[in-house]
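Trainee: Can you read through this structure? Questions will come right after.
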Amino acid sequence: MQTFPFMYRGFLDCIVRTYHTEGLRGFYHGTVPALVANVAENAVLFACYGFCQNLVSHTLGLQDPSQLRDYHKATAGSLASVFSSLVLCPTELVKCRMQTQHEMRVSGHKDMPCKSTPWSIVCDIIKSEGVFGLFRGLSSTWLREIPGYFFFFGGYELSSSILNQSSTHQPGALVVTVSGGVGGACFWLSVYPVDSVKSRIQVLSGASHPEGFLLSLLHILRTEGILTLYSGLMPTVVRAFPSNAALFLAYEMTKRTLTGCSNTQT
């Protein structure tokens with residue numbers, strides 16, 4: 001819906017037509033690179049999040065990261081996304097190209113293969129663009145991730161503080177789950193137009209589409225209008241709330257379990 005906004009009338013139309021043309025399997029195109037992208041991104045992101053919290057607290061002259069305010073933690077999350085983008089960009093590039101193969105063929109790109117694997121797409125990119133071709137859209141990814149993760153961690157930390165303000169204990173599972181969902185929704189609501197431009201750059205490279213974020217943005221605004229940048233927003237937010245609720249729940253519970261084990265051994 002992002003890359004070919006005029007091909008579908010809406011969320012439900014996209015679901016029905018995808019099922020009729022590609023079957024149930026069509027909804028799972030790009031699953032492998034999507035899993036790799038999420039595992040790699042979140043591993044780097046949350047590892048760097050703790051490091052960046054220490055960095056921000058040291059910069060502010062605080063003795064401990066627990067003294068950081070919610071917007072300080074949001075800043076730490078924003079800094080952490082600089083590093084996670086480096087592993088996210090190549091995997092997301094492959095995922096986007098796998099997900100839009102049918103639409104590319106329908107829109108006139110007859111050179112698109114009927115079936116591709118993540119590895120074959122990687123090989124094609126390296127063959128035609130070199131290794132650096134895997135990082136196509138990196139600047140756009142940074143433009144999305146850096147401000148997006150400020151709202152992501154900011155939304156999570158603020159929601160957690162509000163929902164847990166009557167308790168002196170750590171936030172419970174329900175608070176963490178709801179706050180994680182809010183954080184995910186805040187991310188996409190704040191940077192979705194940037195993501196739409198990034199998807200165009202990664203999928204339509206060399207297909208009568210201008211290079212670079214600014215030129216791509218101006219081209220979309222001039223030829224299609226601003227509302228096109230929000231095509232696919234609803235399914236993205238519908239996906240973001242439960243997935244990020246589960247993400248933060250897993251992160252917090254795992255961290256507490258590992259911390260408890262460490263304290264017990266000590």
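Here, A, B, ... name the chains of the structure tokens in the order displayed, residue numbers run from 1 inside each chain, and ligands are numbered from 1 in the same displayed order.
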Report as a PyMOL selection string all protein, DNA and RNA residues lying within 8 Å of Leu88 in chain A, evaluated on only C-alpha atoms, omitting residues in the same chain fewer than 2 positions from it.
Mentor: chain A and resi 37-38+40-41+84-86+90-92
Trainee: Using only C-alpha atoms, which protein or nucleic acid residues come within 12 Å of Ile220 in chain A? Drop anything in the same chain fewer than 4 positions from it, and give the result as a tab-separated table (two decimals) with N, CA, C and O atoms, in the first residue's frame.
Mentor:
```tsv
chain	number	residue	atom	x	y	z
A	2	GLN	N	2.05	1.19	0.61
A	2	GLN	CA	2.95	2.34	0.62
A	2	GLN	C	3.53	2.61	-0.76
A	2	GLN	O	3.57	3.75	-1.21
A	3	THR	N	4.01	1.56	-1.40
A	3	THR	CA	4.75	1.73	-2.64
A	3	THR	C	3.84	1.88	-3.85
A	3	THR	O	4.18	2.55	-4.82
A	4	PHE	N	2.67	1.24	-3.80
A	4	PHE	CA	1.71	1.32	-4.90
A	4	PHE	C	0.34	1.75	-4.35
A	4	PHE	O	-0.61	0.97	-4.32
A	5	PRO	N	0.24	3.00	-3.89
A	5	PRO	CA	-0.97	3.45	-3.19
A	5	PRO	C	-2.23	3.48	-4.04
A	5	PRO	O	-3.34	3.40	-3.51
A	193	PRO	N	5.17	9.07	7.31
A	193	PRO	CA	5.49	9.59	5.97
A	193	PRO	C	6.95	9.34	5.56
A	193	PRO	O	7.23	9.08	4.38
A	194	VAL	N	7.86	9.40	6.52
A	194	VAL	CA	9.27	9.13	6.24
A	194	VAL	C	9.44	7.68	5.80
A	194	VAL	O	10.19	7.37	4.87
A	196	SER	N	7.21	5.84	4.34
A	196	SER	CA	6.65	5.68	2.99
A	196	SER	C	7.67	6.05	1.93
A	196	SER	O	7.82	5.37	0.92
A	197	VAL	N	8.39	7.15	2.16
A	197	VAL	CA	9.43	7.58	1.22
A	197	VAL	C	10.55	6.54	1.17
A	197	VAL	O	11.05	6.18	0.10
A	198	LYS	N	10.93	6.03	2.34
A	198	LYS	CA	11.99	5.02	2.41
A	198	LYS	C	11.61	3.77	1.61
A	198	LYS	O	12.44	3.21	0.87
A	200	ARG	N	9.63	3.58	-0.96
A	200	ARG	CA	9.72	3.89	-2.40
A	200	ARG	C	11.17	3.81	-2.87
A	200	ARG	O	11.46	3.26	-3.93
A	201	ILE	N	12.07	4.38	-2.09
A	201	ILE	CA	13.49	4.40	-2.46
A	201	ILE	C	14.04	2.99	-2.55
A	201	ILE	O	14.78	2.64	-3.48
A	209	HIS	N	12.16	6.51	-10.74
A	209	HIS	CA	11.91	7.15	-9.44
A	209	HIS	C	13.18	7.87	-9.02
A	209	HIS	O	14.28	7.30	-9.12
A	210	PRO	N	13.09	9.12	-8.57
A	210	PRO	CA	14.29	9.88	-8.23
A	210	PRO	C	15.04	9.29	-7.05
A	210	PRO	O	14.46	8.66	-6.17
A	213	PHE	N	16.31	11.01	-0.48
A	213	PHE	CA	15.09	11.22	0.29
A	213	PHE	C	14.35	12.48	-0.13
A	213	PHE	O	13.15	12.46	-0.38
A	214	LEU	N	15.05	13.60	-0.21
A	214	LEU	CA	14.39	14.88	-0.48
A	214	LEU	C	13.75	14.89	-1.86
A	214	LEU	O	12.60	15.32	-2.01
A	215	LEU	N	14.49	14.43	-2.88
A	215	LEU	CA	13.94	14.40	-4.23
A	215	LEU	C	12.75	13.45	-4.32
A	215	LEU	O	11.76	13.75	-5.01
A	216	SER	N	12.83	12.32	-3.63
A	216	SER	CA	11.71	11.38	-3.62
A	216	SER	C	10.48	11.98	-2.94
A	216	SER	O	9.35	11.84	-3.43
A	224	GLU	N	1.52	13.05	-6.46
A	224	GLU	CA	0.49	12.23	-5.83
A	224	GLU	C	-0.21	12.88	-4.65
A	224	GLU	O	-1.29	12.45	-4.24
A	225	GLY	N	0.40	13.91	-4.05
A	225	GLY	CA	-0.22	14.58	-2.92
A	225	GLY	C	0.23	14.05	-1.58
A	225	GLY	O	0.77	12.94	-1.49
A	226	ILE	N	-0.02	14.82	-0.54
A	226	ILE	CA	0.49	14.49	0.79
A	226	ILE	C	-0.20	13.26	1.40
A	226	ILE	O	0.42	12.51	2.16
A	227	LEU	N	-1.47	13.04	1.07
A	227	LEU	CA	-2.19	11.91	1.67
A	227	LEU	C	-1.60	10.57	1.26
A	227	LEU	O	-1.73	9.58	1.98
A	228	THR	N	-0.93	10.54	0.11
A	228	THR	CA	-0.29	9.30	-0.34
A	228	THR	C	0.76	8.82	0.65
A	228	THR	O	0.99	7.62	0.80
A	229	LEU	N	1.38	9.75	1.35
A	229	LEU	CA	2.42	9.40	2.33
A	229	LEU	C	1.85	8.64	3.52
A	229	LEU	O	2.60	8.05	4.29
A	230	TYR	N	0.53	8.65	3.67
A	230	TYR	CA	-0.10	7.96	4.80
A	230	TYR	C	-0.82	6.69	4.36
A	230	TYR	O	-1.55	6.08	5.15
```
Trainee: Give me, as a list in words, all polymer residues having an atom no more than 6 Å from Leu249 in chain A, counting only C-alpha atoms and skipping those fewer than 4 positions away in the same chain.
Mentor: Val176, Thr177 and Met253 of chain A
Trainee: Would you save the residues of that selection, restricted to N, CA, C and O atoms, as a short mmCIF file (atom, residue, chain, number, x, y, z; two decimals), in the first residue's frame?
Mentor:
```
data_model
loop_
_atom_site.label_atom_id
_atom_site.label_comp_id
_atom_site.auth_asym_id
_atom_site.auth_seq_id
_atom_site.Cartn_x
_atom_site.Cartn_y
_atom_site.Cartn_z
N VAL A 176 3.44 -2.81 31.53
CA VAL A 176 4.49 -2.93 30.52
C VAL A 176 3.88 -3.21 29.14
O VAL A 176 4.29 -2.62 28.14
N THR A 177 2.89 -4.10 29.10
CA THR A 177 2.27 -4.47 27.84
C THR A 177 1.56 -3.28 27.19
O THR A 177 1.75 -2.99 26.00
N MET A 253 10.62 -8.59 31.16
CA MET A 253 10.60 -9.81 31.96
C MET A 253 11.93 -10.55 31.88
O MET A 253 12.41 -11.10 32.87
#
```
Trainee: Enter the distance from CA of Val32 in chain A to CA of Trp142 in chain A, in Å, rounded to one decimal.
Mentor: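 Here the two named atoms are 22.7 Å from each other.
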Trainee: What separation in Å, quoted to one decimal, exists between CA of Thr141 in chain A and CA of Val178 in chain A?
Mentor: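 That distance, rounded to one decimal, is 26.3 Å.
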Trainee: I'd like the interatomic distance between CA of Gly30 in chain A and CA of Cys186 in chain A, to a tenth of an Å.
Mentor: 24.6 Å
Trainee: Pick the closest to Ile121 in chain A from A:Gly183, A:Pro65, A:Gly133, A:Gly154: which is it, counting only C-alpha atoms?
Mentor: A:Gly133
Trainee: With distances taken over only C-alpha atoms, which residue among A:Asp70, A:Glu145, A:Glu252, A:Asp64 lies nearest Ile162 in chain A?
Mentor: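 The answer is A:Asp70, which sits nearest to Ile162 in chain A.
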Trainee: Could you pull out the helix (DSSP H, G or I) residues of range 140-219 of chain A from DSSP and send them as a ChimeraX atom specification?
Mentor: /A:140-163,173-203,213-219
